[in-house]
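Shown next: target.txt, containing compact mmCIF, C-alpha atoms.
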```
# COMPACT_ATOMS: atom_id res chain seq x y z
CA MET A 1 81.49 96.05 185.79
CA ASN A 2 82.67 95.41 182.22
CA ARG A 3 83.91 92.00 183.15
CA GLY A 4 80.46 91.43 184.63
CA VAL A 5 78.63 92.33 181.41
CA VAL A 6 80.81 90.04 179.32
CA SER A 7 80.39 87.14 181.70
CA TYR A 8 76.60 87.61 181.71
CA ILE A 9 76.51 87.56 177.91
CA PHE A 10 78.50 84.33 178.17
CA TYR A 11 75.99 82.90 180.69
CA PHE A 12 73.12 83.93 178.40
CA ILE A 13 74.61 81.97 175.50
CA VAL A 14 75.46 78.95 177.66
CA TYR A 15 72.05 78.68 179.34
CA LEU A 16 70.07 79.28 176.15
CA THR A 17 72.16 76.79 174.18
CA ALA A 18 71.79 74.20 176.90
CA GLN A 19 68.04 74.78 177.03
CA VAL A 20 67.46 74.70 173.29
CA LEU A 21 69.80 71.92 172.25
CA LEU A 22 69.82 69.59 175.24
CA VAL A 23 67.21 70.19 177.91
CA ARG A 24 64.42 70.70 175.38
CA ASN A 25 64.37 66.94 174.90
CA LEU A 26 64.54 66.20 178.61
CA VAL A 27 60.96 65.52 179.68
CA LEU A 28 60.04 63.05 182.40
CA MET A 29 57.01 60.89 181.62
CA ASN A 30 55.56 63.48 179.23
CA PHE A 31 54.75 65.49 182.30
CA ALA A 32 57.70 67.19 184.00
CA PHE A 33 59.55 69.79 181.94
CA CYS A 34 62.82 71.47 182.72
CA TYR A 35 63.20 75.17 181.93
CA ILE A 36 66.71 75.71 183.23
CA TYR A 37 67.23 78.83 181.09
CA ILE A 38 65.44 80.94 183.69
CA ALA A 39 68.46 80.33 185.94
CA PHE A 40 70.12 82.99 183.80
CA LEU A 41 67.48 85.54 184.86
CA LEU A 42 67.49 84.25 188.40
CA LEU A 43 71.22 84.79 188.85
CA ILE A 44 71.45 88.36 187.57
CA PRO A 45 72.65 90.72 190.37
CA LEU A 46 69.92 92.14 192.56
CA GLU A 47 70.88 95.77 191.98
CA ILE A 48 70.20 95.87 188.24
CA SER A 49 67.74 98.55 187.16
CA PRO A 50 64.21 97.07 186.90
CA ILE A 51 63.64 98.26 183.34
CA LEU A 52 66.90 96.85 182.00
CA TYR A 53 66.14 93.61 183.83
CA MET A 54 62.71 93.36 182.16
CA LEU A 55 64.26 94.00 178.75
CA ILE A 56 66.77 91.21 179.37
CA GLY A 57 63.85 88.97 180.38
CA PHE A 58 62.04 89.89 177.20
CA ALA A 59 65.07 89.04 175.03
CA THR A 60 65.55 85.71 176.83
CA GLY A 61 61.89 84.81 176.38
CA VAL A 62 61.81 85.70 172.70
CA THR A 63 64.91 83.61 172.00
CA THR A 64 63.41 80.59 173.74
CA ASP A 65 60.06 81.06 172.03
CA TYR A 66 61.67 80.92 168.61
CA PHE A 67 62.91 77.41 169.28
CA TYR A 68 59.82 76.17 171.06
CA ASN A 69 57.42 77.56 168.43
CA THR A 70 55.42 79.19 171.18
CA MET A 71 55.77 82.83 170.21
CA GLY A 72 54.98 85.09 173.14
CA ILE A 73 54.33 82.50 175.85
CA HIS A 74 57.83 82.19 177.31
CA THR A 75 58.28 85.92 176.80
CA ALA A 76 55.18 86.74 178.81
CA ALA A 77 56.26 84.47 181.65
CA CYS A 78 59.82 85.88 181.66
CA VAL A 79 58.66 89.50 181.68
CA LEU A 80 56.31 88.66 184.53
CA ILE A 81 59.01 87.18 186.77
CA THR A 82 61.50 89.90 185.95
CA TYR A 83 58.86 92.46 186.94
CA LEU A 84 58.03 90.62 190.17
CA ARG A 85 61.56 89.79 191.29
CA PRO A 86 62.22 93.08 193.16
CA PHE A 87 59.10 92.35 195.24
CA ILE A 88 60.23 88.78 195.98
CA VAL A 89 63.68 90.01 196.93
CA ARG A 90 62.27 92.71 199.22
CA PHE A 91 60.02 90.14 200.85
CA LEU A 92 62.97 87.84 201.51
CA THR A 93 65.36 90.48 202.89
CA PRO A 94 67.61 88.80 205.45
CA ARG A 95 68.25 90.37 208.84
CA GLY A 96 70.66 93.24 208.31
CA GLY A 97 69.77 93.69 204.63
CA TYR A 98 71.65 92.64 201.53
CA GLU A 99 75.33 93.22 200.93
CA GLN A 100 76.49 95.56 198.17
CA ASN A 101 76.54 94.18 194.62
CA VAL A 102 75.54 90.72 195.66
CA GLU A 103 74.78 87.97 193.15
CA PRO A 104 71.88 85.77 194.21
CA THR A 105 73.80 82.51 193.93
CA LEU A 106 73.70 79.59 196.31
CA LYS A 107 77.31 80.26 197.26
CA SER A 108 76.81 83.85 198.33
CA MET A 109 73.32 83.64 199.83
CA GLY A 110 73.26 80.23 201.48
CA LEU A 111 71.13 77.20 200.71
CA GLU A 112 68.04 78.17 202.69
CA TRP A 113 67.59 81.62 201.17
CA PHE A 114 68.41 80.34 197.72
CA ILE A 115 65.83 77.53 197.79
CA VAL A 116 63.02 79.84 198.94
CA TYR A 117 64.00 82.52 196.42
CA SER A 118 64.33 80.18 193.46
CA SER A 119 61.23 78.13 194.21
CA ILE A 120 59.04 81.25 194.31
CA PHE A 121 60.70 82.48 191.13
CA ILE A 122 60.31 79.16 189.30
CA LEU A 123 56.75 78.60 190.49
CA ILE A 124 55.54 82.00 189.23
CA HIS A 125 57.27 81.44 185.90
CA HIS A 126 55.82 77.95 185.44
CA ILE A 127 52.29 78.91 186.49
CA ALA A 128 52.31 81.76 183.97
CA LEU A 129 53.88 79.61 181.28
CA PHE A 130 51.63 76.57 181.50
CA TYR A 131 48.38 78.42 182.05
CA ILE A 132 48.96 80.77 179.14
CA GLU A 133 49.74 77.76 176.99
CA ALA A 134 46.73 75.69 178.07
CA SER A 135 44.08 78.38 178.32
CA GLU A 136 41.42 75.73 178.46
CA ILE A 137 39.25 74.95 181.49
CA SER A 138 39.09 71.22 180.76
CA LEU A 139 42.87 70.95 181.20
CA PHE A 140 43.00 72.86 184.52
CA PHE A 141 44.05 70.05 186.87
CA PHE A 142 46.25 68.37 184.28
CA THR A 143 48.11 71.64 183.82
CA PHE A 144 48.35 72.13 187.57
CA GLY A 145 50.08 68.77 187.87
CA LYS A 146 52.44 69.78 185.09
CA VAL A 147 53.25 73.04 186.91
CA ILE A 148 54.10 71.34 190.21
CA MET A 149 56.14 68.51 188.73
CA SER A 150 58.02 70.79 186.32
CA SER A 151 58.80 73.29 189.08
CA LEU A 152 60.29 70.53 191.23
CA PHE A 153 62.26 69.20 188.29
CA THR A 154 63.64 72.61 187.33
CA LEU A 155 64.46 73.39 190.97
CA ILE A 156 66.42 70.17 191.43
CA ILE A 157 68.38 70.71 188.20
CA LEU A 158 69.03 74.32 189.22
CA ILE A 159 70.45 73.35 192.61
CA VAL A 160 72.57 70.60 191.06
CA THR A 161 74.05 73.06 188.55
CA GLN A 162 74.69 75.49 191.39
CA TYR A 163 76.75 72.90 193.22
CA LEU A 164 78.49 71.79 190.04
CA PHE A 165 79.47 75.06 188.43
CA TYR A 166 79.40 77.67 191.17
CA SER A 167 81.31 75.65 193.73
CA PRO A 168 83.06 77.74 196.40
CA ARG A 169 86.69 78.25 195.42
CA LYS A 170 87.71 80.03 198.58
CA SER A 171 85.81 79.71 201.77
CA MET B 1 51.45 118.35 183.16
CA ARG B 2 54.55 118.06 185.29
CA GLN B 3 52.57 115.99 187.76
CA LEU B 4 51.59 113.68 184.96
CA PHE B 5 55.16 113.16 183.80
CA LEU B 6 56.23 112.64 187.38
CA PHE B 7 53.53 110.03 187.79
CA PHE B 8 54.69 108.15 184.69
CA TYR B 9 58.29 108.46 185.80
CA ASN B 10 57.59 107.09 189.26
CA TYR B 11 55.76 104.08 187.86
CA ARG B 12 58.05 103.61 184.87
CA ALA B 13 58.82 100.01 185.77
CA PHE B 14 55.13 99.15 185.89
CA PHE B 15 54.42 100.83 182.55
CA THR B 16 57.39 99.11 180.92
CA PHE B 17 55.98 95.87 182.29
CA LEU B 18 52.54 96.57 180.81
CA PHE B 19 54.06 97.57 177.49
CA LEU B 20 56.18 94.40 177.23
CA GLU B 21 53.27 92.17 178.24
CA ALA B 22 51.12 93.87 175.61
CA ILE B 23 53.74 92.95 173.01
CA CYS B 24 53.64 89.35 174.29
CA GLY B 25 49.85 89.29 174.02
CA TRP B 26 50.07 90.53 170.47
CA LEU B 27 52.69 87.89 169.63
CA ILE B 28 50.57 85.10 171.12
CA ILE B 29 47.48 86.15 169.22
CA GLU B 30 49.45 86.64 166.03
CA ASN B 31 50.96 83.19 166.32
CA ASN B 32 47.64 81.50 167.03
CA GLN B 33 46.29 82.53 163.70
CA TYR B 34 46.07 79.63 161.34
CA GLN B 35 48.66 80.95 158.94
CA SER B 36 51.03 83.49 160.37
CA SER B 37 54.21 85.05 159.10
CA ALA B 38 57.27 82.85 158.89
CA PHE B 39 59.33 85.30 160.90
CA PHE B 40 58.01 84.48 164.36
CA ASN B 41 58.61 80.75 164.53
CA SER B 42 61.12 78.03 163.85
CA ALA B 43 60.65 78.23 160.08
CA ASN B 44 62.74 81.39 160.37
CA SER B 45 65.88 80.39 158.50
CA SER B 46 68.52 81.28 161.09
CA VAL B 47 66.62 79.48 163.85
CA ALA B 48 65.95 76.53 161.58
CA SER B 49 69.60 76.19 160.61
CA ILE B 50 70.55 75.85 164.28
CA LEU B 51 67.86 73.21 164.68
CA GLN B 52 69.15 71.44 161.61
CA PHE B 53 72.64 71.42 163.07
CA GLN B 54 71.26 69.75 166.20
CA ASN B 55 69.32 67.32 164.06
CA ASN B 56 72.42 66.32 162.11
CA ILE B 57 73.89 65.05 165.36
CA THR B 58 70.83 63.34 166.81
CA ASP B 59 70.09 61.64 163.49
CA TYR B 60 72.58 58.89 164.16
CA PHE B 61 70.74 57.79 167.27
CA LYS B 62 67.52 57.36 165.35
CA LEU B 63 68.91 55.45 162.39
CA LYS B 64 67.73 52.06 163.56
CA ASN B 65 64.11 53.10 163.90
CA VAL B 66 64.13 55.09 160.69
CA ASN B 67 65.46 52.08 158.80
CA LYS B 68 62.79 49.85 160.26
CA ASP B 69 60.03 52.32 159.39
CA LEU B 70 61.21 52.69 155.82
CA ALA B 71 61.55 48.93 155.38
CA ASP B 72 58.04 48.39 156.74
CA GLU B 73 56.68 51.00 154.42
CA ASN B 74 58.48 49.45 151.47
CA ALA B 75 56.90 46.12 152.26
CA LEU B 76 53.47 47.71 152.47
CA LEU B 77 53.92 49.55 149.19
CA LYS B 78 55.09 46.38 147.50
CA ALA B 79 52.01 44.56 148.64
CA LYS B 80 49.84 47.38 147.31
CA LEU B 81 51.67 47.37 144.01
CA GLU B 82 50.96 43.69 143.55
CA GLN B 83 47.29 44.33 144.29
CA LEU B 84 47.25 47.10 141.72
CA LYS B 85 48.87 44.93 139.08
CA LEU B 86 46.11 42.43 139.60
CA SER B 87 43.29 44.96 139.49
CA ASP B 88 44.87 46.69 136.51
CA SER B 89 44.02 43.78 134.32
CA LEU B 90 40.40 44.31 135.25
CA ALA B 91 38.60 47.28 133.71
CA VAL B 92 39.65 50.66 135.11
CA ASP B 93 36.74 52.83 136.14
CA SER B 94 36.23 54.81 132.94
CA ALA B 95 34.62 57.73 134.77
CA LEU B 96 37.99 58.77 136.24
CA THR B 97 40.16 60.99 134.11
CA PRO B 98 43.97 60.85 134.44
CA GLU B 99 43.77 64.27 136.11
CA VAL B 100 41.77 62.83 138.98
CA ILE B 101 43.86 59.70 139.27
CA ASN B 102 47.12 61.65 139.43
CA GLN B 103 45.84 64.52 141.53
CA PHE B 104 48.20 63.94 144.47
CA GLU B 105 51.88 64.83 144.47
CA PHE B 106 54.14 63.81 147.34
CA THR B 107 57.28 65.61 148.51
CA VAL B 108 59.60 63.89 150.96
CA ALA B 109 60.74 66.07 153.86
CA LYS B 110 62.84 65.49 156.93
CA VAL B 111 61.79 66.51 160.44
CA ILE B 112 64.26 68.86 162.09
CA ASN B 113 62.24 69.88 165.13
CA ASN B 114 59.32 68.24 166.83
CA THR B 115 57.37 68.68 170.04
CA THR B 116 54.77 66.29 171.43
CA ARG B 117 54.36 67.38 175.02
CA ASN B 118 52.85 70.85 174.70
CA VAL B 119 49.19 71.56 174.21
CA TYR B 120 49.87 73.12 170.81
CA ASN B 121 52.50 71.02 169.08
CA TYR B 122 54.39 71.91 165.93
CA ILE B 123 56.83 70.10 163.68
CA THR B 124 59.49 71.84 161.59
CA ILE B 125 60.63 70.24 158.32
CA ASN B 126 63.45 71.03 155.91
CA LYS B 127 61.37 71.83 152.80
CA GLY B 128 59.80 75.18 152.03
CA THR B 129 58.37 77.35 149.29
CA ASN B 130 61.45 76.66 147.12
CA ASP B 131 60.30 73.05 146.95
CA GLY B 132 56.75 74.01 146.06
CA ILE B 133 55.28 73.71 149.54
CA LYS B 134 52.47 76.04 150.51
CA PRO B 135 50.54 76.64 153.74
CA GLY B 136 47.46 74.46 154.04
CA MET B 137 48.88 71.31 152.47
CA GLY B 138 48.47 68.01 154.29
CA VAL B 139 51.37 66.01 155.72
CA ILE B 140 51.40 62.25 156.17
CA GLY B 141 54.01 59.90 157.57
CA PRO B 142 54.82 56.26 156.89
CA ARG B 143 52.16 55.14 159.37
CA GLY B 144 49.43 57.71 158.86
CA VAL B 145 48.30 61.29 159.17
CA VAL B 146 50.70 63.81 160.73
CA GLY B 147 49.30 67.32 160.23
CA LYS B 148 48.89 70.38 158.03
CA ILE B 149 51.47 72.92 156.85
CA LYS B 150 51.11 76.11 158.83
CA THR B 151 53.91 78.41 157.68
CA CYS B 152 56.63 78.28 155.03
CA SER B 153 59.89 80.11 154.57
CA GLY B 154 62.23 79.53 151.63
CA ASN B 155 63.71 76.26 152.83
CA PHE B 156 61.71 75.33 155.94
CA SER B 157 58.10 74.91 157.02
CA THR B 158 56.23 74.40 160.26
CA ILE B 159 53.39 71.93 160.58
CA THR B 160 50.50 72.01 163.03
CA SER B 161 50.59 68.38 164.03
CA VAL B 162 47.59 66.22 164.93
CA LEU B 163 48.75 66.90 168.48
CA HIS B 164 47.59 70.50 168.26
CA PHE B 165 44.61 71.29 170.44
CA ASP B 166 42.80 73.28 167.72
CA ASN B 167 43.54 70.93 164.85
CA LEU B 168 40.47 69.08 163.54
CA ILE B 169 40.83 66.29 161.02
CA SER B 170 37.95 65.25 158.87
CA SER B 171 37.74 61.48 159.22
CA LYS B 172 35.50 58.48 158.76
CA LEU B 173 35.12 54.93 160.00
CA LYS B 174 36.58 52.56 157.49
CA LYS B 175 33.98 49.85 157.93
CA ASN B 176 30.83 51.87 157.24
CA GLY B 177 32.06 55.26 156.04
CA ALA B 178 30.40 57.18 158.91
CA PHE B 179 31.69 60.73 158.92
CA CYS B 180 33.35 62.08 162.08
CA THR B 181 36.16 64.37 163.25
CA THR B 182 39.41 63.58 165.05
CA LYS B 183 40.61 65.96 167.71
CA TRP B 184 43.50 65.60 170.13
CA ASN B 185 42.73 65.72 173.85
CA GLY B 186 45.78 67.75 174.85
CA LYS B 187 47.25 65.13 177.15
CA ASN B 188 48.54 61.85 175.77
CA PRO B 189 50.53 61.99 172.50
CA ARG B 190 49.39 58.46 171.60
CA THR B 191 45.64 58.91 171.75
CA ALA B 192 42.99 61.25 170.36
CA ASN B 193 39.21 61.56 170.47
CA LEU B 194 36.52 61.15 167.83
CA ILE B 195 33.92 63.87 168.04
CA TYR B 196 30.66 64.57 166.21
CA LEU B 197 29.96 60.88 165.67
CA PRO B 198 26.22 60.36 166.27
CA LYS B 199 25.20 57.65 168.71
CA HIS B 200 23.25 55.55 166.24
CA VAL B 201 26.46 54.73 164.37
CA LYS B 202 27.77 51.46 165.76
CA VAL B 203 31.39 51.74 166.88
CA ALA B 204 33.38 48.96 168.45
CA LYS B 205 36.85 48.63 169.87
CA GLY B 206 39.29 47.85 167.08
CA ASP B 207 37.55 49.78 164.28
CA THR B 208 39.89 51.63 161.93
CA VAL B 209 39.59 55.39 161.49
CA VAL B 210 40.83 56.91 158.21
CA THR B 211 40.75 60.33 156.56
CA SER B 212 37.55 61.20 154.73
CA GLY B 213 39.14 63.08 151.86
CA PHE B 214 36.31 65.63 151.97
CA ASN B 215 38.41 68.75 152.41
CA ALA B 216 41.05 67.84 149.82
CA VAL B 217 43.91 68.31 152.29
CA PHE B 218 44.57 64.59 152.68
CA PRO B 219 43.95 61.81 150.20
CA GLU B 220 41.07 59.53 151.09
CA ASN B 221 41.65 56.47 153.33
CA VAL B 222 44.90 57.51 154.99
CA MET B 223 45.20 55.78 158.33
CA ILE B 224 44.54 57.90 161.46
CA GLY B 225 44.17 55.34 164.22
CA ILE B 226 42.25 52.49 165.82
CA VAL B 227 39.34 52.83 168.22
CA SER B 228 40.49 51.82 171.69
CA ASN B 229 37.64 52.82 173.96
CA VAL B 230 33.95 53.73 173.64
CA ARG B 231 31.87 54.96 176.54
CA GLU B 232 28.75 56.98 177.24
CA ASP B 233 29.10 60.72 177.49
CA LEU B 234 27.20 62.00 180.51
CA GLN B 235 27.31 65.65 179.49
CA VAL B 236 26.30 65.48 175.85
CA GLU B 237 23.38 63.29 174.96
CA ASP B 238 23.76 62.25 171.36
CA VAL B 239 27.39 61.25 171.14
CA ASN B 240 29.71 58.71 172.70
CA ARG B 241 33.13 59.49 174.06
CA ILE B 242 35.42 57.63 171.71
CA THR B 243 39.16 57.34 172.19
CA ILE B 244 41.44 56.18 169.41
CA ASN B 245 45.06 55.08 169.43
CA LEU B 246 46.92 57.16 166.86
CA SER B 247 48.75 55.05 164.29
CA THR B 248 51.62 57.53 164.00
CA ASP B 249 54.16 57.54 166.82
CA PHE B 250 54.84 61.26 167.01
CA ASN B 251 57.92 60.84 169.16
CA GLY B 252 59.61 58.78 166.49
CA ILE B 253 58.78 60.50 163.20
CA SER B 254 61.68 61.52 161.00
CA TYR B 255 60.64 61.41 157.34
CA LEU B 256 57.31 62.79 156.16
CA TYR B 257 55.44 63.28 152.90
CA VAL B 258 53.85 66.61 152.06
CA VAL B 259 50.72 66.09 150.00
CA ASN B 260 49.99 68.50 147.21
CA ASN B 261 46.49 68.13 145.82
CA LYS B 262 46.60 69.62 142.34
CA LEU B 263 42.81 69.85 142.19
CA LYS B 264 42.46 71.72 145.49
CA PRO B 265 42.22 75.22 143.93
CA GLN B 266 39.35 73.98 141.78
CA LEU B 267 37.59 72.46 144.74
CA ASP B 268 38.10 75.54 146.89
CA SER B 269 36.81 77.96 144.29
CA LEU B 270 33.78 75.73 143.82
CA LYS B 271 33.17 75.79 147.57
CA ILE B 272 33.44 79.57 147.67
CA LYS B 273 30.98 79.85 144.81
CA THR B 274 28.47 77.72 146.67
CA GLY B 275 29.11 79.68 149.86
CA MET B 276 30.50 76.92 152.05
CA GLU B 277 34.10 78.01 152.42
CA ASN B 278 34.17 77.15 156.12
CA GLU B 279 33.34 73.50 155.67
```
Turn this file's structure into structure tokens for me.
Amino acid sequence: MNRGVVSYIFYFIVYLTAQVLLVRNLVLMNFAFCYIYIAFLLLIPLEISPILYMLIGFATGVTTDYFYNTMGIHTAACVLITYLRPFIVRFLTPRGGYEQNVEPTLKSMGLEWFIVYSSIFILIHHIALFYIEASEISLFFFTFGKVIMSSLFTLIILIVTQYLFYSPRKS
Amino acid sequence: MRQLFLFFYNYRAFFTFLFLEAICGWLIIENNQYQSSAFFNSANSSVASILQFQNNITDYFKLKNVNKDLADENALLKAKLEQLKLSDSLAVDSALTPEVINQFEFTVAKVINNTTRNVYNYITINKGTNDGIKPGMGVIGPRGVVGKIKTCSGNFSTITSVLHFDNLISSKLKKNGAFCTTKWNGKNPRTANLIYLPKHVKVAKGDTVVTSGFNAVFPENVMIGIVSNVREDLQVEDVNRITINLSTDFNGISYLYVVNNKLKPQLDSLKIKTGMENE
């Protein structure tokens, strides 16, 4: 368990640094954004206590907000997905239930489950994020386009990083 | 009572959720205020120093463009200087006191963080209260208007850029002095809209839009952009929908000038006395 905590602190630093220093400037056609830092929240083990999980989400959001100058917006979206994840996970329970202490990575859960899980997760986060930011009726469809394109972008980057860094060592 | 505690305990996740979201709501509202505390944004010194570290690296990739911008500006300033030398020999308007002529002070600052793709965009620069910068001052770049100072810490400040959905810039048409307001449309970082320009004012493609100088934030006649499109507005009767191309390329800015108007306190107190502080 201790090894787990240390490695998650390491992941936190790696994902947030990558987001703030590199991916922040990665925007396709002024339209599709990549918020890969939520992969950190997405990959936390399923059995974590909901309250601790929400607090972690809050901390992640606040850190990102500092750098994006959007105080509160990323935080609100992160707290929302961390609150909703247990429901998503319950909804997606595979036949025979989950294994003990499982990490929701592509390696351990399989491609199909992982894509469904992460696209729901990303979509909720992005809808919350972009609509809180652009709380303006005249921008409704523009923002909707941003949500869809950014979700696809983030999802693709997420799956690529899964294959790159979480490759199966033993199979 | 026990029932009540049990109820809260059973739904503790939901209440934690509500509590955290309430904090977020408070943060969002707090940050939307025109001038908020320097703690909750990238003017915060520890956050800004990380951004500066990043900027030190990315600087090298921008050098070419920065050089070109500065050279262009030098050429422009030289041309203006020559003009001034010529007009100097003619009589200077005796109504202007030296105080009025020298009312603007410029401080050079470097951009260390910049967004252009959000709906509310901010720029962070490496000068703060220690360099005499205060919230509310105007910021201009080599090619035109950039924004207004929002928050300052000791060594850093954040700017609400022109690309901020709530930012209104008092402007006028250069050719006839017609008063109007520039507002960003929230979508394209290269264009903005002119609002409150009555229909009877003739506007054509290619007209230059400059700052009006009415609210003492910017000097008069600083470039904002060039009219690119005029069409009828079907919803509002008395105005046209006017699009302008912004003269500043917000993706490429790196050095800015913060404008300090030494006469602004006078002007503001006068406005308060006459009861028009919101203008």
- Atom pair CA of Gln83 (chain B) / CA of Tyr257 (chain B): separation (Å):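 Distance between the two atoms: 22.4 Å.
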Specify as a ChimeraX atom specification all residues of chain A found within 10 Å of chain B, counting only C-alpha atoms.
/A:20-22,24-25,27,29-33,49-55,57-58,61-63,65-80,82-84,130,132-136,138-139,142-143
Could you save those same residues with C-alpha atoms as a PDB file, in the coordinates of the input?
```pdb
ATOM      1  CA  VAL A  20      67.460  74.700 173.290  1.00  0.00           C
ATOM      2  CA  LEU A  21      69.800  71.920 172.250  1.00  0.00           C
ATOM      3  CA  LEU A  22      69.820  69.590 175.240  1.00  0.00           C
ATOM      4  CA  ARG A  24      64.420  70.700 175.380  1.00  0.00           C
ATOM      5  CA  ASN A  25      64.370  66.940 174.900  1.00  0.00           C
ATOM      6  CA  VAL A  27      60.960  65.520 179.680  1.00  0.00           C
ATOM      7  CA  MET A  29      57.010  60.890 181.620  1.00  0.00           C
ATOM      8  CA  ASN A  30      55.560  63.480 179.230  1.00  0.00           C
ATOM      9  CA  PHE A  31      54.750  65.490 182.300  1.00  0.00           C
ATOM     10  CA  ALA A  32      57.700  67.190 184.000  1.00  0.00           C
ATOM     11  CA  PHE A  33      59.550  69.790 181.940  1.00  0.00           C
ATOM     12  CA  SER A  49      67.740  98.550 187.160  1.00  0.00           C
ATOM     13  CA  PRO A  50      64.210  97.070 186.900  1.00  0.00           C
ATOM     14  CA  ILE A  51      63.640  98.260 183.340  1.00  0.00           C
ATOM     15  CA  LEU A  52      66.900  96.850 182.000  1.00  0.00           C
ATOM     16  CA  TYR A  53      66.140  93.610 183.830  1.00  0.00           C
ATOM     17  CA  MET A  54      62.710  93.360 182.160  1.00  0.00           C
ATOM     18  CA  LEU A  55      64.260  94.000 178.750  1.00  0.00           C
ATOM     19  CA  GLY A  57      63.850  88.970 180.380  1.00  0.00           C
ATOM     20  CA  PHE A  58      62.040  89.890 177.200  1.00  0.00           C
ATOM     21  CA  GLY A  61      61.890  84.810 176.380  1.00  0.00           C
ATOM     22  CA  VAL A  62      61.810  85.700 172.700  1.00  0.00           C
ATOM     23  CA  THR A  63      64.910  83.610 172.000  1.00  0.00           C
ATOM     24  CA  ASP A  65      60.060  81.060 172.030  1.00  0.00           C
ATOM     25  CA  TYR A  66      61.670  80.920 168.610  1.00  0.00           C
ATOM     26  CA  PHE A  67      62.910  77.410 169.280  1.00  0.00           C
ATOM     27  CA  TYR A  68      59.820  76.170 171.060  1.00  0.00           C
ATOM     28  CA  ASN A  69      57.420  77.560 168.430  1.00  0.00           C
ATOM     29  CA  THR A  70      55.420  79.190 171.180  1.00  0.00           C
ATOM     30  CA  MET A  71      55.770  82.830 170.210  1.00  0.00           C
ATOM     31  CA  GLY A  72      54.980  85.090 173.140  1.00  0.00           C
ATOM     32  CA  ILE A  73      54.330  82.500 175.850  1.00  0.00           C
ATOM     33  CA  HIS A  74      57.830  82.190 177.310  1.00  0.00           C
ATOM     34  CA  THR A  75      58.280  85.920 176.800  1.00  0.00           C
ATOM     35  CA  ALA A  76      55.180  86.740 178.810  1.00  0.00           C
ATOM     36  CA  ALA A  77      56.260  84.470 181.650  1.00  0.00           C
ATOM     37  CA  CYS A  78      59.820  85.880 181.660  1.00  0.00           C
ATOM     38  CA  VAL A  79      58.660  89.500 181.680  1.00  0.00           C
ATOM     39  CA  LEU A  80      56.310  88.660 184.530  1.00  0.00           C
ATOM     40  CA  THR A  82      61.500  89.900 185.950  1.00  0.00           C
ATOM     41  CA  TYR A  83      58.860  92.460 186.940  1.00  0.00           C
ATOM     42  CA  LEU A  84      58.030  90.620 190.170  1.00  0.00           C
ATOM     43  CA  PHE A 130      51.630  76.570 181.500  1.00  0.00           C
ATOM     44  CA  ILE A 132      48.960  80.770 179.140  1.00  0.00           C
ATOM     45  CA  GLU A 133      49.740  77.760 176.990  1.00  0.00           C
ATOM     46  CA  ALA A 134      46.730  75.690 178.070  1.00  0.00           C
ATOM     47  CA  SER A 135      44.080  78.380 178.320  1.00  0.00           C
ATOM     48  CA  GLU A 136      41.420  75.730 178.460  1.00  0.00           C
ATOM     49  CA  SER A 138      39.090  71.220 180.760  1.00  0.00           C
ATOM     50  CA  LEU A 139      42.870  70.950 181.200  1.00  0.00           C
ATOM     51  CA  PHE A 142      46.250  68.370 184.280  1.00  0.00           C
ATOM     52  CA  THR A 143      48.110  71.640 183.820  1.00  0.00           C
TER      53      THR A 143
END
```
- Identify the residues within 8 Å of coordinate (51.7, 72.9, 150.0) (same frame as the file), considering only C-alpha atoms, and give the answer as a ChimeraX atom specification. /B:132-138,149,258-260
With distances taken over only C-alpha atoms, the candidate from B:Leu256, B:Val203, B:Ile272, B:Ile242 nearest Val66 (chain B) is B:Leu256
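Of note, CA of Tyr37 (chain A) and CA of Asn101 (chain A) are spaced 22.5 Å apart.
The interatomic distance for the pair CA of Ser247 (chain B) and CA of Met223 (chain B) works out to 7.0 Å.
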Of the residues A:Leu41, A:Val14, A:Leu129, A:Leu123, which is the one nearest to Thr154 (chain A), using only C-alpha atoms?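 Ranking A:Leu41, A:Val14, A:Leu129, A:Leu123 by distance to Thr154 (chain A), first place goes to A:Leu123.
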> Using all atoms listed in the file, which residues sit within 9 Å of Arg190 (chain B) once same-chain residues fewer than 6 positions away are excluded, as a PyMOL selection string?
Replying inline: chain B and resi 244-250
Would you list the contacts of Gly213 (chain B) as a VMD selection string, taking every protein, DNA or RNA residue within 10 Å and counting only C-alpha atoms, but skipping same-chain residues closer than 2 positions in sequence? chain B and resid 169 to 172 210 to 211 215 to 222
Residues within 12 Å of region 95-97 of chain A, only C-alpha atoms, excluding chain neighbours under 5 positions, as number ranges by chain
A: 89-90, 102, 109, 113
Nearest to Asn130 (chain B) by atom-to-atom distance, counting all atoms listed in the file, from B:Ser153, B:Leu63, B:Arg143, B:Ala109: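 Using all atoms listed in the file, Asn130 (chain B) sits closest to B:Ser153.
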